[in-house]
$ cat data_37.tsv   # TSV, C-alpha atoms
chain	number	residue	atom	x	y	z
A	1	MET	CA	-22.74	43.48	39.64
A	2	PRO	CA	-25.29	46.32	40.15
A	3	GLN	CA	-23.65	49.71	40.57
A	4	THR	CA	-25.17	50.21	44.05
A	5	SER	CA	-23.67	46.93	45.28
A	6	PHE	CA	-20.34	47.82	43.70
A	7	GLN	CA	-20.30	51.19	45.46
A	8	THR	CA	-21.24	49.60	48.80
A	9	LEU	CA	-18.42	47.08	48.47
A	10	LEU	CA	-15.91	49.80	47.65
A	11	THR	CA	-17.07	51.99	50.52
A	12	ALA	CA	-16.44	49.08	52.88
A	13	TRP	CA	-13.04	48.50	51.23
A	14	ILE	CA	-12.02	52.12	51.81
A	15	ALA	CA	-13.27	52.00	55.41
A	16	LEU	CA	-11.20	48.86	56.01
A	17	ALA	CA	-8.03	50.65	54.84
A	18	ILE	CA	-8.67	53.49	57.30
A	19	LEU	CA	-9.47	51.11	60.17
A	20	LEU	CA	-6.31	49.07	59.58
A	21	LEU	CA	-4.00	52.09	59.37
A	22	PRO	CA	-3.27	52.19	63.14
A	23	VAL	CA	-2.44	48.46	63.04
A	24	GLN	CA	-0.06	48.96	60.12
A	25	LEU	CA	1.62	51.85	61.90
A	26	LYS	CA	2.50	49.50	64.77
A	27	ALA	CA	3.28	46.26	62.88
A	28	THR	CA	6.05	46.32	60.27
A	29	ALA	CA	5.27	44.29	57.15
A	30	PRO	CA	7.88	41.47	57.01
A	31	TYR	CA	9.45	41.85	53.58
A	32	GLY	CA	12.52	43.54	52.12
A	33	ARG	CA	14.90	44.62	54.87
A	34	HIS	CA	12.25	43.62	57.43
A	35	THR	CA	11.88	40.00	56.25
A	36	SER	CA	11.39	37.53	59.08
A	37	PRO	CA	11.18	33.71	59.00
A	38	ARG	CA	8.65	33.92	61.84
A	39	TRP	CA	6.02	34.58	59.17
A	40	GLY	CA	6.28	31.09	57.70
A	41	PRO	CA	7.78	29.64	54.51
A	42	LEU	CA	9.93	31.88	52.33
A	43	MET	CA	10.36	32.12	48.55
A	44	ASP	CA	12.66	33.93	46.15
A	45	ASN	CA	12.18	37.67	46.58
A	46	ARG	CA	12.28	38.55	42.88
A	47	LEU	CA	9.85	35.82	41.85
A	48	GLY	CA	7.49	36.75	44.68
A	49	TRP	CA	7.55	40.41	43.65
A	50	ILE	CA	6.75	39.62	40.01
A	51	ILE	CA	3.88	37.30	40.96
A	52	MET	CA	2.21	39.70	43.35
A	53	GLU	CA	2.57	42.80	41.17
A	54	LEU	CA	1.68	41.21	37.82
A	55	VAL	CA	-1.78	40.26	39.08
A	56	SER	CA	-2.97	43.86	39.11
A	57	PRO	CA	-2.54	44.81	35.42
A	58	LEU	CA	-3.76	41.40	34.26
A	59	MET	CA	-6.96	41.75	36.28
A	60	LEU	CA	-7.58	45.32	35.18
A	61	LEU	CA	-6.99	44.63	31.50
A	62	TYR	CA	-9.11	41.47	31.52
A	63	PHE	CA	-12.17	43.12	33.05
A	64	PHE	CA	-11.71	46.34	31.10
A	65	LEU	CA	-11.33	44.66	27.72
A	66	ASN	CA	-14.14	42.16	28.33
A	67	GLY	CA	-16.60	44.67	29.76
A	68	PRO	CA	-19.56	45.91	27.70
A	69	ASN	CA	-18.50	49.57	27.70
A	70	GLU	CA	-17.34	51.17	24.47
A	71	LYS	CA	-13.57	51.50	24.68
A	72	THR	CA	-13.39	55.26	24.28
A	73	ALA	CA	-10.12	57.21	24.23
A	74	PRO	CA	-10.48	58.48	27.85
A	75	LEU	CA	-11.18	54.99	29.20
A	76	CYS	CA	-8.30	53.49	27.22
A	77	PHE	CA	-6.06	56.30	28.46
A	78	LEU	CA	-6.81	55.49	32.11
A	79	ALA	CA	-6.32	51.76	31.56
A	80	GLY	CA	-3.08	52.53	29.71
A	81	LEU	CA	-1.68	54.58	32.59
A	82	TRP	CA	-2.39	51.70	34.94
A	83	GLY	CA	-0.72	49.26	32.57
A	84	LEU	CA	2.38	51.43	32.10
A	85	HIS	CA	2.86	51.81	35.85
A	86	TYR	CA	2.65	48.07	36.39
A	87	LEU	CA	4.87	47.24	33.45
A	88	ASN	CA	7.57	48.98	35.45
A	89	ARG	CA	6.55	47.67	38.89
A	90	SER	CA	5.94	44.03	37.94
A	91	LEU	CA	8.70	43.39	35.39
A	92	ILE	CA	11.23	46.15	34.73
A	93	PHE	CA	11.94	47.08	38.36
A	94	PRO	CA	12.21	43.58	39.90
A	95	LEU	CA	14.33	42.29	37.02
A	96	ARG	CA	16.81	45.13	37.63
A	97	THR	CA	17.11	44.64	41.39
A	98	ARG	CA	20.20	43.00	42.86
A	99	THR	CA	18.48	40.75	45.39
A	100	ARG	CA	20.14	37.39	44.74
A	101	GLY	CA	19.66	35.17	47.77
A	102	LYS	CA	17.00	37.39	49.35
A	103	GLN	CA	13.62	35.90	50.23
A	104	ILE	CA	10.09	36.99	51.03
A	105	PRO	CA	7.44	35.24	53.15
A	106	VAL	CA	4.89	33.36	51.05
A	107	VAL	CA	2.12	34.80	53.21
A	108	VAL	CA	3.17	38.33	52.17
A	109	VAL	CA	3.03	37.35	48.50
A	110	LEU	CA	-0.42	35.78	48.93
A	111	SER	CA	-1.81	38.79	50.79
A	112	ALA	CA	-0.44	41.10	48.09
A	113	VAL	CA	-1.99	38.90	45.40
A	114	PHE	CA	-5.38	39.31	47.11
A	115	PHE	CA	-4.90	43.07	47.45
A	116	ASN	CA	-3.84	43.51	43.83
A	117	THR	CA	-6.57	41.19	42.58
A	118	PHE	CA	-9.24	43.28	44.26
A	119	ASN	CA	-7.85	46.61	43.10
A	120	GLY	CA	-7.19	45.41	39.56
A	121	TRP	CA	-10.67	43.88	39.36
A	122	SER	CA	-12.50	46.87	40.83
A	123	ASN	CA	-10.81	49.42	38.58
A	124	GLY	CA	-11.02	47.21	35.50
A	125	TYR	CA	-14.66	46.36	36.15
A	126	TYR	CA	-15.57	50.02	36.63
A	127	LEU	CA	-13.82	51.15	33.46
A	128	GLY	CA	-15.13	48.20	31.44
A	129	ALA	CA	-18.71	48.04	32.68
A	130	LEU	CA	-19.85	51.02	34.76
A	131	ALA	CA	-17.94	54.14	33.69
A	132	PRO	CA	-19.60	56.72	31.47
A	133	PRO	CA	-17.97	56.84	28.02
A	134	PHE	CA	-16.61	60.38	28.52
A	135	SER	CA	-16.27	62.68	25.55
A	136	GLY	CA	-13.21	64.01	23.81
A	137	GLY	CA	-13.54	67.11	25.98
A	138	TRP	CA	-12.73	64.97	29.01
A	139	PHE	CA	-9.02	65.55	28.40
A	140	ARG	CA	-9.51	69.31	28.87
A	141	GLN	CA	-11.39	69.14	32.16
A	142	PRO	CA	-9.54	70.80	35.09
A	143	HIS	CA	-9.65	67.75	37.37
A	144	VAL	CA	-8.19	65.59	34.58
A	145	LEU	CA	-5.36	68.02	33.85
A	146	ALA	CA	-4.58	68.43	37.56
A	147	GLY	CA	-4.76	64.68	38.13
A	148	LEU	CA	-2.51	63.94	35.17
A	149	ALA	CA	0.05	66.46	36.44
A	150	LEU	CA	0.04	64.73	39.82
A	151	PHE	CA	0.24	61.28	38.25
A	152	LEU	CA	3.21	62.17	36.05
A	153	SER	CA	4.98	64.02	38.86
A	154	GLY	CA	4.51	61.09	41.24
A	155	ALA	CA	5.65	58.59	38.62
A	156	ALA	CA	8.76	60.67	37.91
A	157	ILE	CA	9.62	60.86	41.63
A	158	ASN	CA	9.00	57.14	42.08
A	159	ILE	CA	11.10	56.07	39.10
A	160	TRP	CA	13.92	58.51	39.95
A	161	ALA	CA	14.05	57.31	43.56
A	162	ASP	CA	14.03	53.66	42.52
A	163	GLU	CA	16.91	54.37	40.16
A	164	GLN	CA	18.96	55.95	42.95
A	165	LEU	CA	18.30	52.98	45.23
A	166	LEU	CA	19.25	50.50	42.50
A	167	ARG	CA	22.55	52.31	41.94
A	168	LEU	CA	23.50	52.08	45.62
A	169	ARG	CA	24.13	48.35	45.41
A	170	LYS	CA	26.89	47.21	43.07
A	171	ALA	CA	26.99	43.77	41.47
A	172	GLY	CA	27.53	41.13	44.14
A	173	GLU	CA	26.62	43.43	47.04
A	174	THR	CA	23.72	42.61	49.35
A	175	GLY	CA	23.95	45.20	52.12
A	176	TYR	CA	22.23	48.57	52.56
A	177	LYS	CA	23.64	52.07	52.24
A	178	ILE	CA	22.33	55.56	52.96
A	179	PRO	CA	20.79	57.07	49.80
A	180	GLN	CA	21.86	60.62	49.01
A	181	GLY	CA	20.85	63.53	46.80
A	182	GLY	CA	17.64	65.05	45.53
A	183	LEU	CA	14.59	64.34	47.69
A	184	PHE	CA	16.69	61.89	49.71
A	185	ARG	CA	18.22	64.95	51.36
A	186	ARG	CA	14.84	65.65	52.95
A	187	ILE	CA	13.07	62.29	53.32
A	188	SER	CA	13.95	58.62	53.63
A	189	CYS	CA	11.40	57.30	51.15
A	190	PRO	CA	10.74	59.53	48.11
A	191	ASN	CA	9.86	56.35	46.18
A	192	HIS	CA	6.85	55.84	48.46
A	193	LEU	CA	5.92	59.53	48.34
A	194	GLY	CA	5.98	59.39	44.54
A	195	GLU	CA	3.68	56.38	44.42
A	196	ILE	CA	1.18	57.98	46.82
A	197	VAL	CA	1.12	61.17	44.72
A	198	GLU	CA	0.83	59.12	41.53
A	199	TRP	CA	-2.31	57.24	42.59
A	200	ALA	CA	-3.86	60.32	44.15
A	201	GLY	CA	-3.53	61.89	40.71
A	202	PHE	CA	-5.08	58.84	39.06
A	203	ALA	CA	-8.04	59.00	41.45
A	204	LEU	CA	-8.51	62.68	40.63
A	205	MET	CA	-8.52	61.92	36.90
A	206	ALA	CA	-10.77	58.85	37.08
A	207	TRP	CA	-13.09	60.36	39.71
A	208	ASN	CA	-14.68	57.14	40.96
A	209	LEU	CA	-14.72	55.02	44.12
A	210	ALA	CA	-12.55	52.24	42.68
A	211	ALA	CA	-9.70	54.63	41.92
A	212	LEU	CA	-10.18	56.41	45.24
A	213	GLY	CA	-10.07	53.08	47.04
A	214	PHE	CA	-6.73	52.23	45.48
A	215	ALA	CA	-5.31	55.66	46.33
A	216	VAL	CA	-6.45	55.34	49.96
A	217	TRP	CA	-5.02	51.82	50.28
A	218	THR	CA	-1.74	52.94	48.67
A	219	ALA	CA	-1.36	55.66	51.29
A	220	ALA	CA	-2.47	53.33	54.10
A	221	ASN	CA	0.20	50.80	53.09
A	222	LEU	CA	3.07	53.12	52.20
A	223	ILE	CA	2.87	55.67	55.03
A	224	PRO	CA	3.57	52.96	57.65
A	225	ARG	CA	6.15	51.38	55.33
A	226	ALA	CA	8.03	54.68	55.00
A	227	MET	CA	8.00	55.20	58.75
A	228	SER	CA	9.34	51.67	59.31
A	229	HIS	CA	12.16	52.29	56.81
A	230	HIS	CA	12.96	55.60	58.50
A	231	ARG	CA	13.24	53.95	61.92
A	232	TRP	CA	15.40	51.18	60.42
A	233	TYR	CA	17.82	53.68	58.89
A	234	ARG	CA	18.16	55.49	62.21
A	235	GLN	CA	18.76	52.24	64.10
A	236	HIS	CA	21.38	50.91	61.68
A	237	PHE	CA	23.32	54.07	60.72
A	238	GLN	CA	24.63	56.32	63.48
A	239	GLU	CA	25.52	58.93	60.88
A	240	TYR	CA	22.02	59.04	59.40
A	241	PRO	CA	21.07	62.70	58.73
A	242	PRO	CA	18.94	63.86	61.69
A	243	GLU	CA	17.08	66.44	59.62
A	244	ARG	CA	15.52	63.83	57.31
A	245	LYS	CA	11.87	62.99	57.73
A	246	ALA	CA	10.26	59.71	56.69
A	247	LEU	CA	7.89	60.73	53.90
A	248	ILE	CA	6.98	64.44	53.77
A	249	PRO	CA	9.76	67.05	53.89
A	250	PHE	CA	9.83	68.99	57.19
A	251	LEU	CA	6.60	67.31	58.42
A	252	LEU	CA	6.45	63.49	58.64
$ encode --input "data_37.tsv" --output "structure tokens"
Amino acid sequence: MPQTSFQTLLTAWIALAILLLPVQLKATAPYGRHTSPRWGPLMDNRLGWIIMELVSPLMLLYFFLNGPNEKTAPLCFLAGLWGLHYLNRSLIFPLRTRTRGKQIPVVVVLSAVFFNTFNGWSNGYYLGALAPPFSGGWFRQPHVLAGLALFLSGAAINIWADEQLLRLRKAGETGYKIPQGGLFRRISCPNHLGEIVEWAGFALMAWNLAALGFAVWTAANLIPRAMSHHRWYRQHFQEYPPERKALIPFLL
């Protein structure tokens, strides 16, 4: 695909995320604690999660490895960060969750497969076919160092928050509890905050429209998700801490 066409497609993709944000703020995505049979057939939650998340790293690695670009250290580093994130999201995390008996609408899985296919393809195609090779000095550039700091900080927050949520539910339990400690003292969804920060950092490092598109879509999906979770906690727990915000301490 010519670079101009690729950039036009990604510009439209980013614009779509922004246009759909008000819709997502009003309509709660029907999975997890918000699952509803009104959205059609259901499937096993864990299997659905693995399917929809595994698509992204497979697409990125396929188009990156089969692209004509020389596989320089900076390009391999960016592809490796993507792969490490999704190793956790697509396999390690879902296999550790205690969600026996829980289900997810098939339509949610299919829509996530489309979303992850596009983002995996666009980032893999850019790195494998369109990106400049970058030099060894790339690792010392300020935007790379700042982006890496954000990426690692966001990943640490995301993994820590997921660990706290996993520990809330003992073997055999299926209900929900109020998470406590750390960032959970200030916000309901530090796991979502961490992921938003993580991909903002990746976009800063990679400095291209494909990475920016994924960062924008991540925020457009997870900001409404965090607000829906926050409302759910308040509706289901009378004792829920009133000072907690949804996503950003003291603000949102």
$ residues_around --input "data_37.tsv" --residues "A:Lys245" --least-positions-apart "3" --cutoff "7 Å" --atoms "all atoms listed in the file" --output "ChimeraX atom specification"
/A:186-188,248-252
$ residues_around --input "data_37.tsv" --residues "stretch 99-109 of chain A" --least-positions-apart "2" --cutoff "7 Å" --atoms "all atoms listed in the file" --output "MDAnalysis selection string"
chainID A and resid 31 35 39:45 48 52 97 111:113 174
$ write_last_selection --input "data_37.tsv" --atoms "C-alpha atoms" --output "short mmCIF file (atom, residue, chain, number, x, y, z; two decimals), keeping the file's coordinate frame"
data_model
loop_
_atom_site.label_atom_id
_atom_site.label_comp_id
_atom_site.auth_asym_id
_atom_site.auth_seq_id
_atom_site.Cartn_x
_atom_site.Cartn_y
_atom_site.Cartn_z
CA TYR A 31 9.45 41.85 53.58
CA THR A 35 11.88 40.00 56.25
CA TRP A 39 6.02 34.58 59.17
CA GLY A 40 6.28 31.09 57.70
CA PRO A 41 7.78 29.64 54.51
CA LEU A 42 9.93 31.88 52.33
CA MET A 43 10.36 32.12 48.55
CA ASP A 44 12.66 33.93 46.15
CA ASN A 45 12.18 37.67 46.58
CA GLY A 48 7.49 36.75 44.68
CA MET A 52 2.21 39.70 43.35
CA THR A 97 17.11 44.64 41.39
CA SER A 111 -1.81 38.79 50.79
CA ALA A 112 -0.44 41.10 48.09
CA VAL A 113 -1.99 38.90 45.40
CA THR A 174 23.72 42.61 49.35
#
$ residues_around --input "data_37.tsv" --residues "A:Gly182" --least-positions-apart "6" --cutoff "10 Å" --atoms "all atoms listed in the file" --output "short mmCIF file (atom, residue, chain, number, x, y, z; two decimals) with C-alpha atoms, keeping the file's coordinate frame"
data_model
loop_
_atom_site.label_atom_id
_atom_site.label_comp_id
_atom_site.auth_asym_id
_atom_site.auth_seq_id
_atom_site.Cartn_x
_atom_site.Cartn_y
_atom_site.Cartn_z
CA ILE A 157 9.62 60.86 41.63
CA TRP A 160 13.92 58.51 39.95
CA ALA A 161 14.05 57.31 43.56
CA GLN A 164 18.96 55.95 42.95
CA PRO A 190 10.74 59.53 48.11
#
$ closest_residue --input "data_37.tsv" --among "A:Pro132, A:Pro142, A:Gly194, A:Gly120" --to "A:Leu58" --atoms "all atoms listed in the file"
A:Gly120
$ closest_atom_pairs --input "data_37.tsv" --of "stretch 82-114 of chain A" --to "stretch 71-78 of chain A" --cutoff "12 Å" --atoms "only C-alpha atoms" --output "Markdown table"
| residue | atom | partner | partner_atom | distance |
| --- | --- | --- | --- | --- |
| A:Trp82 | CA | A:Leu78 | CA | 6.5 |
| A:Gly83 | CA | A:Leu78 | CA | 8.7 |
| A:Leu84 | CA | A:Leu78 | CA | 10.0 |
| A:His85 | CA | A:Leu78 | CA | 11.0 |
$ write_last_selection --input "data_37.tsv" --atoms "C-alpha atoms" --output "PDB file, keeping the file's coordinate frame"
ATOM      1  CA  TRP A  82      -2.390  51.700  34.940  1.00  0.00           C
ATOM      2  CA  GLY A  83      -0.720  49.260  32.570  1.00  0.00           C
ATOM      3  CA  LEU A  84       2.380  51.430  32.100  1.00  0.00           C
ATOM      4  CA  HIS A  85       2.860  51.810  35.850  1.00  0.00           C
TER       5      HIS A  85
END
$ build_atoms --input "data_37.tsv" --residues "stretch 98-111 of chain A" --atoms "N, CA and C atoms" --output "PDB file, in the frame of the given file"
ATOM      1  N   ARG A  98      19.123  43.931  42.509  1.00  0.00           N
ATOM      2  CA  ARG A  98      20.200  43.000  42.860  1.00  0.00           C
ATOM      3  C   ARG A  98      19.846  42.370  44.206  1.00  0.00           C
ATOM      4  N   THR A  99      18.977  41.371  44.158  1.00  0.00           N
ATOM      5  CA  THR A  99      18.480  40.750  45.390  1.00  0.00           C
ATOM      6  C   THR A  99      18.753  39.252  45.419  1.00  0.00           C
ATOM      7  N   ARG A 100      19.823  38.827  44.761  1.00  0.00           N
ATOM      8  CA  ARG A 100      20.140  37.390  44.740  1.00  0.00           C
ATOM      9  C   ARG A 100      20.289  36.862  46.160  1.00  0.00           C
ATOM     10  N   GLY A 101      19.584  35.775  46.455  1.00  0.00           N
ATOM     11  CA  GLY A 101      19.660  35.170  47.770  1.00  0.00           C
ATOM     12  C   GLY A 101      18.641  35.703  48.765  1.00  0.00           C
ATOM     13  N   LYS A 102      17.993  36.824  48.443  1.00  0.00           N
ATOM     14  CA  LYS A 102      17.000  37.390  49.350  1.00  0.00           C
ATOM     15  C   LYS A 102      15.658  36.676  49.173  1.00  0.00           C
ATOM     16  N   GLN A 103      14.887  36.617  50.259  1.00  0.00           N
ATOM     17  CA  GLN A 103      13.620  35.900  50.230  1.00  0.00           C
ATOM     18  C   GLN A 103      12.502  36.744  50.813  1.00  0.00           C
ATOM     19  N   ILE A 104      11.284  36.293  50.560  1.00  0.00           N
ATOM     20  CA  ILE A 104      10.090  36.990  51.030  1.00  0.00           C
ATOM     21  C   ILE A 104       9.107  35.943  51.545  1.00  0.00           C
ATOM     22  N   PRO A 105       8.416  36.208  52.647  1.00  0.00           N
ATOM     23  CA  PRO A 105       7.440  35.240  53.150  1.00  0.00           C
ATOM     24  C   PRO A 105       6.318  34.979  52.140  1.00  0.00           C
ATOM     25  N   VAL A 106       5.967  33.718  51.973  1.00  0.00           N
ATOM     26  CA  VAL A 106       4.890  33.360  51.050  1.00  0.00           C
ATOM     27  C   VAL A 106       3.588  34.036  51.451  1.00  0.00           C
ATOM     28  N   VAL A 107       3.360  34.185  52.752  1.00  0.00           N
ATOM     29  CA  VAL A 107       2.120  34.800  53.210  1.00  0.00           C
ATOM     30  C   VAL A 107       2.029  36.255  52.758  1.00  0.00           C
ATOM     31  N   VAL A 108       3.164  36.944  52.661  1.00  0.00           N
ATOM     32  CA  VAL A 108       3.170  38.330  52.170  1.00  0.00           C
ATOM     33  C   VAL A 108       2.793  38.356  50.697  1.00  0.00           C
ATOM     34  N   VAL A 109       3.352  37.429  49.927  1.00  0.00           N
ATOM     35  CA  VAL A 109       3.030  37.350  48.500  1.00  0.00           C
ATOM     36  C   VAL A 109       1.544  37.072  48.307  1.00  0.00           C
ATOM     37  N   LEU A 110       0.992  36.135  49.072  1.00  0.00           N
ATOM     38  CA  LEU A 110      -0.420  35.780  48.930  1.00  0.00           C
ATOM     39  C   LEU A 110      -1.328  36.937  49.322  1.00  0.00           C
ATOM     40  N   SER A 111      -0.986  37.651  50.383  1.00  0.00           N
ATOM     41  CA  SER A 111      -1.810  38.790  50.790  1.00  0.00           C
ATOM     42  C   SER A 111      -1.744  39.903  49.749  1.00  0.00           C
TER      43      SER A 111
END
